[in-house]
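This is data_14.cif. It holds mmCIF, C-alpha atoms.
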```
data_query
loop_
_atom_site.group_PDB
_atom_site.id
_atom_site.type_symbol
_atom_site.label_atom_id
_atom_site.label_comp_id
_atom_site.auth_asym_id
_atom_site.auth_seq_id
_atom_site.Cartn_x
_atom_site.Cartn_y
_atom_site.Cartn_z
ATOM 1 C CA MET A 15 -2.526 9.787 1.993
ATOM 2 C CA ASN A 16 -5.133 11.780 3.856
ATOM 3 C CA GLN A 17 -8.835 12.255 3.156
ATOM 4 C CA ILE A 18 -8.287 15.715 1.629
ATOM 5 C CA ARG A 19 -5.771 14.425 -0.887
ATOM 6 C CA LEU A 20 -8.030 11.522 -1.888
ATOM 7 C CA PHE A 21 -10.955 13.889 -2.348
ATOM 8 C CA GLY A 22 -8.799 16.176 -4.494
ATOM 9 C CA PHE A 23 -7.738 13.256 -6.653
ATOM 10 C CA ALA A 24 -11.344 12.162 -7.088
ATOM 11 C CA LEU A 25 -12.435 15.709 -7.953
ATOM 12 C CA LEU A 26 -9.680 16.057 -10.552
ATOM 13 C CA PHE A 27 -10.684 12.742 -12.108
ATOM 14 C CA LEU A 28 -14.308 13.807 -12.313
ATOM 15 C CA LEU A 29 -13.353 17.118 -13.959
ATOM 16 C CA VAL A 30 -11.205 15.363 -16.565
ATOM 17 C CA HIS A 31 -13.690 12.527 -17.195
ATOM 18 C CA PRO A 32 -17.111 14.042 -16.511
ATOM 19 C CA PHE A 33 -19.145 11.728 -18.728
ATOM 20 C CA SER A 34 -17.300 8.403 -18.464
ATOM 21 C CA ILE A 35 -18.731 7.614 -15.020
ATOM 22 C CA PHE A 36 -21.606 10.094 -14.826
ATOM 23 C CA ALA A 37 -24.219 7.370 -14.956
ATOM 24 C CA GLN A 38 -22.419 5.180 -12.402
ATOM 25 C CA ASP A 39 -22.112 5.293 -8.631
ATOM 26 C CA THR A 40 -18.717 6.581 -7.506
ATOM 27 C CA ILE A 41 -17.512 5.284 -4.158
ATOM 28 C CA ARG A 42 -14.592 6.895 -2.352
ATOM 29 C CA PHE A 43 -12.871 4.519 0.022
ATOM 30 C CA VAL A 44 -9.782 5.101 2.194
ATOM 31 C CA PRO A 45 -8.464 1.691 3.364
ATOM 32 C CA LYS A 46 -7.341 1.416 6.970
ATOM 33 C CA ILE A 47 -6.160 -2.186 7.123
ATOM 34 C CA GLY A 48 -4.399 -4.528 4.732
ATOM 35 C CA TYR A 49 -4.272 -8.312 4.482
ATOM 36 C CA THR A 50 -1.258 -10.405 3.543
ATOM 37 C CA ALA A 51 -3.186 -13.409 2.206
ATOM 38 C CA PHE A 52 -5.873 -13.878 -0.429
ATOM 39 C CA LYS A 53 -8.886 -15.744 0.931
ATOM 40 C CA VAL A 54 -12.560 -15.412 1.805
ATOM 41 C CA ARG A 55 -12.960 -13.104 4.812
ATOM 42 C CA GLU A 56 -15.322 -10.347 5.942
ATOM 43 C CA PRO A 57 -15.495 -7.779 3.116
ATOM 44 C CA VAL A 58 -14.252 -4.249 3.722
ATOM 45 C CA LEU A 59 -16.621 -2.882 1.070
ATOM 46 C CA GLN A 60 -19.559 -3.973 -1.068
ATOM 47 C CA LEU A 61 -19.984 -2.706 -4.632
ATOM 48 C CA LYS A 62 -22.380 -3.242 -7.526
ATOM 49 C CA PRO A 63 -21.509 -3.918 -11.181
ATOM 50 C CA GLY A 64 -20.864 -0.566 -12.829
ATOM 51 C CA ASP A 65 -19.611 1.074 -9.647
ATOM 52 C CA VAL A 66 -16.449 3.179 -9.791
ATOM 53 C CA LEU A 67 -14.053 2.970 -6.865
ATOM 54 C CA VAL A 68 -11.786 5.934 -6.061
ATOM 55 C CA SER A 69 -9.197 4.720 -3.579
ATOM 56 C CA ASN A 70 -5.515 4.072 -2.931
ATOM 57 C CA THR A 71 -3.121 1.279 -2.066
ATOM 58 C CA LEU A 72 -2.012 1.039 1.542
ATOM 59 C CA MET A 73 0.768 3.173 2.977
ATOM 60 C CA GLY A 74 3.088 1.836 5.658
ATOM 61 C CA GLY A 75 6.614 1.741 6.981
ATOM 62 C CA TYR A 76 7.703 -0.352 4.024
ATOM 63 C CA TYR A 77 7.669 2.773 1.846
ATOM 64 C CA THR A 78 9.714 5.007 4.153
ATOM 65 C CA GLU A 79 13.441 5.687 4.081
ATOM 66 C CA GLU A 80 13.897 3.517 7.172
ATOM 67 C CA GLY A 81 11.817 0.614 5.844
ATOM 68 C CA GLY A 82 9.253 -1.480 7.672
ATOM 69 C CA ALA A 83 6.642 -4.185 7.379
ATOM 70 C CA TRP A 84 4.640 -4.856 4.213
ATOM 71 C CA PRO A 85 1.201 -3.212 4.647
ATOM 72 C CA GLY A 86 -0.786 -5.866 2.783
ATOM 73 C CA GLU A 87 -3.459 -5.534 0.131
ATOM 74 C CA VAL A 88 -6.782 -3.709 0.051
ATOM 75 C CA GLY A 89 -9.821 -5.937 0.266
ATOM 76 C CA PRO A 90 -11.689 -8.071 0.018
ATOM 77 C CA ILE A 91 -14.360 -6.168 -1.879
ATOM 78 C CA TYR A 92 -17.658 -7.990 -2.334
ATOM 79 C CA ILE A 93 -19.251 -7.548 -5.781
ATOM 80 C CA GLU A 94 -23.015 -7.946 -5.716
ATOM 81 C CA GLY A 95 -24.336 -10.535 -8.171
ATOM 82 C CA ALA A 96 -20.958 -12.138 -8.876
ATOM 83 C CA THR A 97 -21.238 -15.930 -9.208
ATOM 84 C CA THR A 98 -18.875 -18.734 -10.134
ATOM 85 C CA GLU A 99 -20.414 -18.778 -13.616
ATOM 86 C CA ASP A 100 -19.274 -15.199 -14.314
ATOM 87 C CA GLN A 101 -16.130 -13.174 -14.963
ATOM 88 C CA LEU A 102 -15.157 -10.233 -12.792
ATOM 89 C CA VAL A 103 -14.227 -7.211 -14.927
ATOM 90 C CA ILE A 104 -11.919 -4.540 -13.522
ATOM 91 C CA LYS A 105 -11.162 -1.502 -15.656
ATOM 92 C CA LEU A 106 -8.055 0.328 -14.471
ATOM 93 C CA VAL A 107 -9.147 3.882 -15.148
ATOM 94 C CA LYS A 108 -6.328 5.498 -13.166
ATOM 95 C CA VAL A 109 -3.156 4.135 -11.574
ATOM 96 C CA ARG A 110 -0.896 6.982 -10.388
ATOM 97 C CA PRO A 111 1.931 7.147 -7.799
ATOM 98 C CA ASN A 112 1.088 9.356 -4.820
ATOM 99 C CA HIS A 113 4.414 9.098 -2.954
ATOM 100 C CA ASP A 114 7.856 10.495 -3.730
ATOM 101 C CA LEU A 115 9.825 7.430 -2.643
ATOM 102 C CA ALA A 116 10.014 3.949 -4.178
ATOM 103 C CA PRO A 117 12.242 1.415 -2.415
ATOM 104 C CA ALA A 118 13.579 -1.579 -4.334
ATOM 105 C CA ARG A 119 15.790 -4.418 -3.145
ATOM 106 C CA ILE A 120 18.244 -7.099 -4.110
ATOM 107 C CA ASN A 121 18.419 -10.124 -1.812
ATOM 108 C CA PRO A 122 20.735 -13.076 -1.276
ATOM 109 C CA ASN A 123 18.006 -15.736 -1.544
ATOM 110 C CA PHE A 124 15.279 -14.075 -3.592
ATOM 111 C CA GLY A 125 15.435 -13.028 -7.216
ATOM 112 C CA GLY A 126 16.038 -14.491 -10.632
ATOM 113 C CA LEU A 127 19.831 -14.171 -10.411
ATOM 114 C CA ALA A 128 20.242 -15.038 -6.717
ATOM 115 C CA SER A 129 20.858 -18.390 -5.051
ATOM 116 C CA ASP A 130 17.734 -20.493 -4.637
ATOM 117 C CA VAL A 131 16.565 -21.117 -1.084
ATOM 118 C CA ARG A 132 15.633 -24.650 -2.170
ATOM 119 C CA VAL A 133 19.190 -25.650 -3.171
ATOM 120 C CA ARG A 134 22.578 -24.927 -1.601
ATOM 121 C CA LEU A 135 25.095 -23.368 -3.984
ATOM 122 C CA LEU A 136 28.791 -22.514 -3.686
ATOM 123 C CA ASN A 137 28.777 -19.167 -5.465
ATOM 124 C CA PRO A 138 28.950 -15.985 -3.344
ATOM 125 C CA ALA A 139 25.555 -14.698 -2.240
ATOM 126 C CA VAL A 140 24.003 -11.557 -3.670
ATOM 127 C CA PRO A 141 24.299 -8.876 -0.949
ATOM 128 C CA GLY A 142 21.134 -7.719 0.735
ATOM 129 C CA GLN A 143 20.755 -4.113 -0.357
ATOM 130 C CA ARG A 144 17.921 -1.573 -0.425
ATOM 131 C CA PHE A 145 17.789 1.114 -3.120
ATOM 132 C CA LEU A 146 15.748 4.285 -2.682
ATOM 133 C CA TRP A 147 14.388 5.604 -5.959
ATOM 134 C CA ARG A 148 13.034 9.164 -5.923
ATOM 135 C CA ILE A 149 9.739 9.757 -7.707
ATOM 136 C CA ASP A 150 8.985 13.005 -9.543
ATOM 137 C CA GLN A 151 5.212 12.790 -9.818
ATOM 138 C CA ASN A 152 4.872 15.881 -12.007
ATOM 139 C CA ARG A 153 7.469 14.787 -14.559
ATOM 140 C CA LYS A 154 6.550 11.098 -14.170
ATOM 141 C CA MET A 155 10.183 10.140 -13.752
ATOM 142 C CA GLY A 156 12.141 7.981 -11.324
ATOM 143 C CA LYS A 157 15.725 8.735 -10.287
ATOM 144 C CA LEU A 158 18.349 6.610 -8.549
ATOM 145 C CA ASP A 159 21.832 7.583 -7.396
ATOM 146 C CA LEU A 160 24.536 5.114 -8.491
ATOM 147 C CA PRO A 161 27.553 6.150 -6.383
ATOM 148 C CA ASN A 162 29.603 3.070 -7.293
ATOM 149 C CA SER A 163 28.998 3.224 -11.045
ATOM 150 C CA ARG A 164 30.529 5.403 -13.731
ATOM 151 C CA LEU A 165 27.063 6.739 -14.594
ATOM 152 C CA LYS A 166 26.587 8.060 -10.996
ATOM 153 C CA LYS A 167 22.801 8.443 -11.423
ATOM 154 C CA ILE A 168 20.011 7.348 -13.714
ATOM 155 C CA GLU A 169 16.588 8.816 -14.524
ATOM 156 C CA VAL A 170 13.866 6.763 -16.201
ATOM 157 C CA PRO A 171 10.221 7.329 -17.211
ATOM 158 C CA LEU A 172 7.630 5.718 -14.968
ATOM 159 C CA GLU A 173 5.117 3.082 -16.083
ATOM 160 C CA PRO A 174 2.821 2.614 -13.047
ATOM 161 C CA MET A 175 1.118 -0.732 -12.550
ATOM 162 C CA LEU A 176 -0.561 -2.899 -9.921
ATOM 163 C CA GLY A 177 1.411 -6.016 -9.068
ATOM 164 C CA ARG A 178 -1.532 -7.655 -7.316
ATOM 165 C CA VAL A 179 -5.150 -7.933 -8.413
ATOM 166 C CA ALA A 180 -6.981 -11.001 -7.158
ATOM 167 C CA VAL A 181 -10.153 -12.757 -6.184
ATOM 168 C CA ALA A 182 -10.424 -15.216 -3.298
ATOM 169 C CA PRO A 183 -8.994 -18.588 -4.424
ATOM 170 C CA LYS A 184 -10.971 -21.822 -4.721
ATOM 171 C CA ASN A 185 -12.721 -23.530 -1.834
ATOM 172 C CA GLU A 186 -11.079 -22.776 1.536
ATOM 173 C CA GLU A 187 -7.681 -22.016 0.034
ATOM 174 C CA SER A 188 -5.583 -19.165 1.395
ATOM 175 C CA PHE A 189 -2.529 -17.955 -0.533
ATOM 176 C CA PRO A 190 0.076 -15.565 0.908
ATOM 177 C CA GLY A 191 0.289 -12.271 -0.959
ATOM 178 C CA LEU A 192 3.475 -13.318 -2.755
ATOM 179 C CA TRP A 193 1.635 -15.992 -4.769
ATOM 180 C CA PRO A 194 0.078 -15.688 -8.240
ATOM 181 C CA GLY A 195 -2.324 -18.264 -9.623
ATOM 182 C CA ASP A 196 -5.590 -18.768 -11.465
ATOM 183 C CA PHE A 197 -7.123 -16.310 -8.974
ATOM 184 C CA GLY A 198 -4.758 -13.549 -10.173
ATOM 185 C CA GLY A 199 -2.730 -12.516 -7.149
ATOM 186 C CA ASN A 200 0.889 -11.406 -7.321
ATOM 187 C CA MET A 201 1.247 -11.733 -11.089
ATOM 188 C CA ASP A 202 3.569 -8.707 -11.270
ATOM 189 C CA ALA A 203 2.526 -8.145 -14.879
ATOM 190 C CA PRO A 204 3.400 -4.651 -16.178
ATOM 191 C CA GLU A 205 0.406 -5.024 -18.495
ATOM 192 C CA VAL A 206 -1.896 -4.468 -15.472
ATOM 193 C CA ARG A 207 -1.724 -0.696 -15.768
ATOM 194 C CA GLU A 208 -3.838 2.363 -16.421
ATOM 195 C CA GLY A 209 -6.088 1.893 -19.449
ATOM 196 C CA ALA A 210 -6.126 -1.905 -19.249
ATOM 197 C CA THR A 211 -9.059 -4.129 -18.325
ATOM 198 C CA VAL A 212 -8.529 -7.255 -16.246
ATOM 199 C CA TYR A 213 -10.914 -10.229 -16.322
ATOM 200 C CA LEU A 214 -10.697 -12.645 -13.383
ATOM 201 C CA PRO A 215 -12.329 -16.021 -12.739
ATOM 202 C CA ILE A 216 -14.712 -16.125 -9.787
ATOM 203 C CA PHE A 217 -14.576 -18.970 -7.254
ATOM 204 C CA HIS A 218 -17.027 -17.659 -4.645
ATOM 205 C CA GLU A 219 -20.230 -15.650 -4.802
ATOM 206 C CA GLY A 220 -19.220 -12.016 -4.438
ATOM 207 C CA ALA A 221 -15.726 -12.635 -5.899
ATOM 208 C CA TYR A 222 -13.887 -11.072 -2.887
ATOM 209 C CA PHE A 223 -11.576 -8.779 -4.852
ATOM 210 C CA TYR A 224 -8.170 -7.587 -3.595
ATOM 211 C CA PHE A 225 -5.694 -5.063 -5.023
ATOM 212 C CA GLY A 226 -2.325 -3.578 -4.096
ATOM 213 C CA ASP A 227 1.449 -3.772 -4.645
ATOM 214 C CA GLY A 228 1.866 -0.619 -6.716
ATOM 215 C CA HIS A 229 5.006 -0.432 -8.850
ATOM 216 C CA ALA A 230 6.014 2.900 -10.347
ATOM 217 C CA LEU A 231 8.110 0.856 -12.785
ATOM 218 C CA GLN A 232 9.044 -2.780 -13.229
ATOM 219 C CA GLY A 233 10.972 -4.564 -15.933
ATOM 220 C CA GLN A 234 9.707 -7.809 -17.455
ATOM 221 C CA GLY A 235 10.549 -10.731 -15.218
ATOM 222 C CA GLU A 236 11.026 -8.554 -12.132
ATOM 223 C CA ILE A 237 14.405 -10.285 -12.023
ATOM 224 C CA ALA A 238 15.695 -8.799 -8.749
ATOM 225 C CA GLY A 239 12.423 -9.563 -6.963
ATOM 226 C CA THR A 240 10.935 -6.070 -6.603
ATOM 227 C CA GLY A 241 9.749 -3.220 -8.791
ATOM 228 C CA LEU A 242 9.849 0.430 -7.761
ATOM 229 C CA GLU A 243 7.543 -0.267 -4.840
ATOM 230 C CA THR A 244 5.335 2.711 -4.020
ATOM 231 C CA THR A 245 1.775 3.690 -3.167
ATOM 232 C CA MET A 246 -0.866 4.523 -5.747
ATOM 233 C CA ASP A 247 -4.048 6.493 -6.201
ATOM 234 C CA VAL A 248 -6.434 4.308 -8.177
ATOM 235 C CA VAL A 249 -9.768 4.565 -9.944
ATOM 236 C CA LEU A 250 -11.249 1.148 -10.741
ATOM 237 C CA GLN A 251 -14.550 0.378 -12.435
ATOM 238 C CA PHE A 252 -16.178 -3.004 -11.830
ATOM 239 C CA ASP A 253 -18.488 -5.099 -13.956
ATOM 240 C CA LEU A 254 -19.473 -8.699 -14.614
ATOM 241 C CA ILE A 255 -19.621 -10.842 -17.727
ATOM 242 C CA LYS A 256 -22.475 -13.155 -16.872
ATOM 243 C CA GLY A 257 -22.585 -16.827 -17.727
ATOM 244 C CA LYS A 258 -19.080 -17.078 -19.286
ATOM 245 C CA PRO A 259 -16.619 -18.487 -16.744
ATOM 246 C CA ILE A 260 -12.885 -18.492 -17.510
ATOM 247 C CA ASP A 261 -9.996 -20.492 -16.073
ATOM 248 C CA TRP A 262 -7.168 -17.918 -15.983
ATOM 249 C CA PRO A 263 -6.843 -14.141 -15.702
ATOM 250 C CA ARG A 264 -7.292 -12.207 -18.925
ATOM 251 C CA ILE A 265 -6.109 -8.696 -19.760
ATOM 252 C CA GLU A 266 -7.071 -6.336 -22.573
ATOM 253 C CA ASP A 267 -5.701 -2.988 -23.720
ATOM 254 C CA ASP A 268 -5.892 -0.958 -26.914
ATOM 255 C CA ASP A 269 -3.511 -3.280 -28.764
ATOM 256 C CA TYR A 270 -3.810 -6.828 -27.393
ATOM 257 C CA ILE A 271 -5.996 -9.434 -25.787
ATOM 258 C CA MET A 272 -3.878 -11.312 -23.237
ATOM 259 C CA VAL A 273 -3.904 -14.213 -20.817
ATOM 260 C CA ALA A 274 -1.728 -14.556 -17.713
ATOM 261 C CA GLY A 275 -0.701 -18.086 -16.743
ATOM 262 C CA SER A 276 1.173 -18.826 -13.513
ATOM 263 C CA ALA A 277 3.059 -22.035 -12.713
ATOM 264 C CA ARG A 278 6.448 -23.651 -12.254
ATOM 265 C CA PRO A 279 8.367 -24.610 -14.331
ATOM 266 C CA LEU A 280 8.280 -21.592 -16.624
ATOM 267 C CA ILE A 281 7.221 -23.672 -19.634
ATOM 268 C CA ASP A 282 4.005 -24.634 -17.822
ATOM 269 C CA ALA A 283 3.133 -20.965 -17.233
ATOM 270 C CA PHE A 284 3.805 -20.363 -20.949
ATOM 271 C CA ARG A 285 1.570 -23.266 -21.969
ATOM 272 C CA LEU A 286 -1.292 -22.339 -19.659
ATOM 273 C CA ALA A 287 -1.377 -18.759 -20.945
ATOM 274 C CA HIS A 288 -1.294 -19.770 -24.604
ATOM 275 C CA VAL A 289 -3.843 -22.594 -24.305
ATOM 276 C CA GLU A 290 -6.345 -20.210 -22.705
ATOM 277 C CA LEU A 291 -5.602 -17.602 -25.373
ATOM 278 C CA VAL A 292 -6.339 -20.113 -28.158
ATOM 279 C CA GLU A 293 -9.611 -21.001 -26.412
ATOM 280 C CA TRP A 294 -10.506 -17.302 -26.123
ATOM 281 C CA LEU A 295 -9.939 -16.837 -29.857
ATOM 282 C CA GLU A 296 -12.090 -19.894 -30.559
ATOM 283 C CA GLU A 297 -14.966 -19.114 -28.204
ATOM 284 C CA ASP A 298 -15.330 -15.352 -28.580
ATOM 285 C CA TYR A 299 -13.842 -14.497 -31.963
ATOM 286 C CA GLY A 300 -14.930 -17.360 -34.223
ATOM 287 C CA PHE A 301 -11.524 -18.881 -34.927
ATOM 288 C CA ASP A 302 -11.190 -22.563 -35.649
ATOM 289 C CA ARG A 303 -9.046 -23.961 -32.823
ATOM 290 C CA TRP A 304 -6.220 -25.243 -35.004
ATOM 291 C CA GLU A 305 -6.247 -22.165 -37.219
ATOM 292 C CA ALA A 306 -6.049 -20.012 -34.078
ATOM 293 C CA TYR A 307 -3.086 -22.107 -32.943
ATOM 294 C CA GLN A 308 -1.385 -21.533 -36.290
ATOM 295 C CA VAL A 309 -2.022 -17.775 -36.428
ATOM 296 C CA LEU A 310 -0.991 -17.284 -32.803
ATOM 297 C CA SER A 311 2.254 -19.072 -33.574
ATOM 298 C CA GLN A 312 3.052 -16.427 -36.202
ATOM 299 C CA VAL A 313 1.698 -13.134 -34.808
ATOM 300 C CA GLY A 314 1.512 -13.770 -31.062
ATOM 301 C CA LYS A 315 3.773 -12.159 -28.511
ATOM 302 C CA SER A 316 4.559 -13.100 -24.948
ATOM 303 C CA THR A 317 6.236 -11.563 -21.940
ATOM 304 C CA VAL A 318 7.586 -13.066 -18.748
ATOM 305 C CA ALA A 319 5.940 -11.051 -15.996
ATOM 306 C CA ASN A 320 7.861 -12.597 -13.100
ATOM 307 C CA ILE A 321 10.491 -15.296 -12.519
ATOM 308 C CA VAL A 322 10.799 -14.734 -8.777
ATOM 309 C CA ASP A 323 7.481 -15.555 -7.139
ATOM 310 C CA PRO A 324 6.474 -19.029 -5.864
ATOM 311 C CA GLN A 325 4.892 -19.450 -9.307
ATOM 312 C CA TYR A 326 6.188 -17.748 -12.435
ATOM 313 C CA THR A 327 3.830 -15.726 -14.645
ATOM 314 C CA VAL A 328 3.775 -15.520 -18.446
ATOM 315 C CA VAL A 329 1.484 -13.178 -20.408
ATOM 316 C CA ALA A 330 0.429 -14.446 -23.851
ATOM 317 C CA LYS A 331 -0.702 -11.726 -26.286
ATOM 318 C CA PHE A 332 -2.693 -11.663 -29.513
ATOM 319 C CA PRO A 333 -2.712 -8.413 -31.544
ATOM 320 C CA LYS A 334 -6.226 -6.978 -31.776
ATOM 321 C CA LYS A 335 -5.597 -5.798 -35.335
ATOM 322 C CA TYR A 336 -5.924 -9.453 -36.429
ATOM 323 C CA LEU A 337 -9.282 -9.972 -34.726
ATOM 324 C CA PRO A 338 -12.451 -10.013 -36.850
ATOM 325 C CA LYS A 339 -14.226 -6.662 -37.024
#
```

Structure encoded using structure tokens:
Amino acid sequence: MNQIRLFGFALLFLLVHPFSIFAQDTIRFVPKIGYTAFKVREPVLQLKPGDVLVSNTLMGGYYTEEGGAWPGEVGPIYIEGATTEDQLVIKLVKVRPNHDLAPARINPNFGGLASDVRVRLLNPAVPGQRFLWRIDQNRKMGKLDLPNSRLKKIEVPLEPMLGRVAVAPKNEESFPGLWPGDFGGNMDAPEVREGATVYLPIFHEGAYFYFGDGHALQGQGEIAGTGLETTMDVVLQFDLIKGKPIDWPRIEDDDYIMVAGSARPLIDAFRLAHVELVEWLEEDYGFDRWEAYQVLSQVGKSTVANIVDPQYTVVAKFPKKYLPK
């Protein structure tokens, strides 16, 4: 995406939302380089709490018909005033595909229904195959030809999301981009979409925020190992919640407060997400711990964001209609 297109996107956003960011600084940033690991490194940008970032995920050969290398994630972005006693707040104001192609794959040794690289199996391998979905940005639809199926083609509505939002992990740790964890990372949670707010723990002063891995659509579990991988125009607004550290990523939208837990086996990811959600209800909403546990057991919902990454991710949800007013 060129500078003119980014400027046009920013101008359109400002015309549609003239007052929502009027009092904030708006920074337009076109990334030139991506990184394939989350860690502390020289920041590409420095922002203040309240700043609005108008940018895009990285383009590269990966998103072409021929295919190519993964371009990496945008970042790290240094947030002034962020400390390890705070939460980093990222409001996803806009997440919109800006490309008309979205490749997706099935692989012999990667995916929820494929053989596991850790164990030899006798069943035939899943074939390595690349599917090219076509994106209609105006109609917000994705289309795939199915030449070997009776249906012959399918068209589905898009639900754009960011597969990767992260801060630099603890200490000197460096995690490849495929990993999710307490730092966020490759959670592949469809809930991380336009209109949602993500809250991340902070392990280093400045937070060192990364984002990328746009999916025009992805089913729960991401069972084949990829979504409709494409590039995105994004508008993100940053803030801090001071003096209230958290252990795992949190998400909020109009309907739910949520926690994303990542681990293997899957039951551990489920437990981590739900334990943190009970603690959130206790600490911020005045629930007794055991009463929160009971109510969550009856009204809570959960989704499996991914079962393919080095750690699985579960999102635990509590309906906001049951929160105290």

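Across A:Ile149, A:Ala180, A:Ala210, A:Val318, the tightest approach to Asp268 (chain A) is made by A:Ala210 when counting all atoms listed in the file.
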
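Taking CA of Asp302 (chain A) and CA of Pro338 (chain A) as endpoints, the distance between them is 12.7 Å.
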
So which one's closest to Pro215 (chain A), A:Asn162, A:Asn320, A:Asn185, A:Thr97? Using all atoms listed in the file, please.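 Ranked by minimum distance to Pro215 (chain A), first place goes to A:Thr97.
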
Gly74 (chain A): which residues within 9 Å, counting only C-alpha atoms, same-chain residues fewer than 5 positions away excluded, as a tab-separated table (two decimals) with C-alpha atoms, in the frame of the given file?
```
chain	number	residue	atom	x	y	z
A	81	GLY	CA	11.82	0.61	5.84
A	82	GLY	CA	9.25	-1.48	7.67
A	83	ALA	CA	6.64	-4.18	7.38
A	84	TRP	CA	4.64	-4.86	4.21
A	85	PRO	CA	1.20	-3.21	4.65
```

Could you tell me which residues the PyMOL selection byres ((chain A and resi 226) around 12) returns for this structure, as number ranges by chain? A: 45, 47-52, 69-73, 84-90, 109, 175-180, 191-192, 198-202, 206, 223-225, 227-229, 243-248

Applying the PyMOL selection byres ((chain A and resi 278) around 10) to the file I just gave you, which residues come out? Please list them as a VMD selection string. chain A and resid 276 to 277 279 to 284 321 323 to 327

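Closest approach to Gln38 (chain A) from the set A:Arg164, A:Lys62, A:Lys335, A:Arg153 is made by A:Lys62, with distances taken over all atoms listed in the file.
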
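CA of Ala203 (chain A) to CA of Arg42 (chain A) spans 26.0 Å [interatomic distance, one decimal].
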
Write out as a list of chain:residue names which residues come within 10 Å of Asp100 (chain A) when counting all atoms listed in the file, dropping same-chain ones fewer than 3 positions away.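 Counting only the stated atoms, we get A:Gly95, A:Ala96, A:Thr97, A:Val103, A:Tyr213, A:Leu214, A:Pro215, A:Ile216, A:Phe217, A:Glu219, A:Ala221, A:Leu254, A:Ile255, A:Lys256, A:Gly257, A:Lys258, A:Pro259, A:Ile260.
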
So, counting only C-alpha atoms, which residue among A:Gln234, A:Leu242, A:Glu99, A:Glu187 is closest to Leu158 (chain A)?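 Using only C-alpha atoms, Leu158 (chain A) sits closest to A:Leu242.
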
Top pick for closest residue to Gln251 (chain A), considering A:Gly156, A:Gly126, A:Gly64, A:Pro57 and counting only C-alpha atoms: A:Gly64

Give me the residues near region 309-311 of chain A as number ranges by chain, where near means some atom within 12 Å (using all atoms listed in the file) and where sequence neighbours in that chain fewer than 4 positions away do not count. A: 271-272, 287-296, 301-305, 315-316, 330-334, 336-337

CA of Glu80 (chain A) and CA of Ala238 (chain A) are how many Å apart?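 Distance reported for this atom pair: 20.2 Å.
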
For region 88-99 of chain A, where the input has fewer atoms than it should, I would like N, CA and C atoms rebuilt and written as a PDB file, in the frame of the given file.
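Contents of selection26.pdb, as written:
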```
ATOM      1  N   VAL A  88      -5.451  -4.231  -0.229  1.00  0.00           N
ATOM      2  CA  VAL A  88      -6.782  -3.709   0.051  1.00  0.00           C
ATOM      3  C   VAL A  88      -7.810  -4.772  -0.323  1.00  0.00           C
ATOM      4  N   GLY A  89      -8.768  -4.990   0.550  1.00  0.00           N
ATOM      5  CA  GLY A  89      -9.821  -5.937   0.266  1.00  0.00           C
ATOM      6  C   GLY A  89     -10.120  -6.805   1.482  1.00  0.00           C
ATOM      7  N   PRO A  90     -11.006  -7.795   1.279  1.00  0.00           N
ATOM      8  CA  PRO A  90     -11.689  -8.071   0.018  1.00  0.00           C
ATOM      9  C   PRO A  90     -12.896  -7.159  -0.197  1.00  0.00           C
ATOM     10  N   ILE A  91     -13.198  -6.947  -1.472  1.00  0.00           N
ATOM     11  CA  ILE A  91     -14.360  -6.168  -1.879  1.00  0.00           C
ATOM     12  C   ILE A  91     -15.385  -7.137  -2.460  1.00  0.00           C
ATOM     13  N   TYR A  92     -16.573  -7.100  -1.901  1.00  0.00           N
ATOM     14  CA  TYR A  92     -17.658  -7.990  -2.334  1.00  0.00           C
ATOM     15  C   TYR A  92     -18.406  -7.336  -3.493  1.00  0.00           C
ATOM     16  N   ILE A  93     -18.547  -8.061  -4.596  1.00  0.00           N
ATOM     17  CA  ILE A  93     -19.251  -7.548  -5.781  1.00  0.00           C
ATOM     18  C   ILE A  93     -20.622  -8.209  -5.860  1.00  0.00           C
ATOM     19  N   GLU A  94     -21.660  -7.420  -5.700  1.00  0.00           N
ATOM     20  CA  GLU A  94     -23.015  -7.946  -5.716  1.00  0.00           C
ATOM     21  C   GLU A  94     -23.313  -8.640  -7.049  1.00  0.00           C
ATOM     22  N   GLY A  95     -23.918  -9.810  -6.966  1.00  0.00           N
ATOM     23  CA  GLY A  95     -24.336 -10.535  -8.171  1.00  0.00           C
ATOM     24  C   GLY A  95     -23.267 -11.389  -8.798  1.00  0.00           C
ATOM     25  N   ALA A  96     -22.039 -11.339  -8.301  1.00  0.00           N
ATOM     26  CA  ALA A  96     -20.958 -12.138  -8.876  1.00  0.00           C
ATOM     27  C   ALA A  96     -21.130 -13.601  -8.482  1.00  0.00           C
ATOM     28  N   THR A  97     -21.121 -14.494  -9.461  1.00  0.00           N
ATOM     29  CA  THR A  97     -21.238 -15.930  -9.208  1.00  0.00           C
ATOM     30  C   THR A  97     -20.075 -16.657  -9.873  1.00  0.00           C
ATOM     31  N   THR A  98     -19.958 -17.927  -9.577  1.00  0.00           N
ATOM     32  CA  THR A  98     -18.875 -18.734 -10.134  1.00  0.00           C
ATOM     33  C   THR A  98     -19.061 -19.014 -11.626  1.00  0.00           C
ATOM     34  N   GLU A  99     -20.187 -18.627 -12.174  1.00  0.00           N
ATOM     35  CA  GLU A  99     -20.414 -18.778 -13.616  1.00  0.00           C
ATOM     36  C   GLU A  99     -20.098 -17.499 -14.378  1.00  0.00           C
TER      37      GLU A  99
END
```
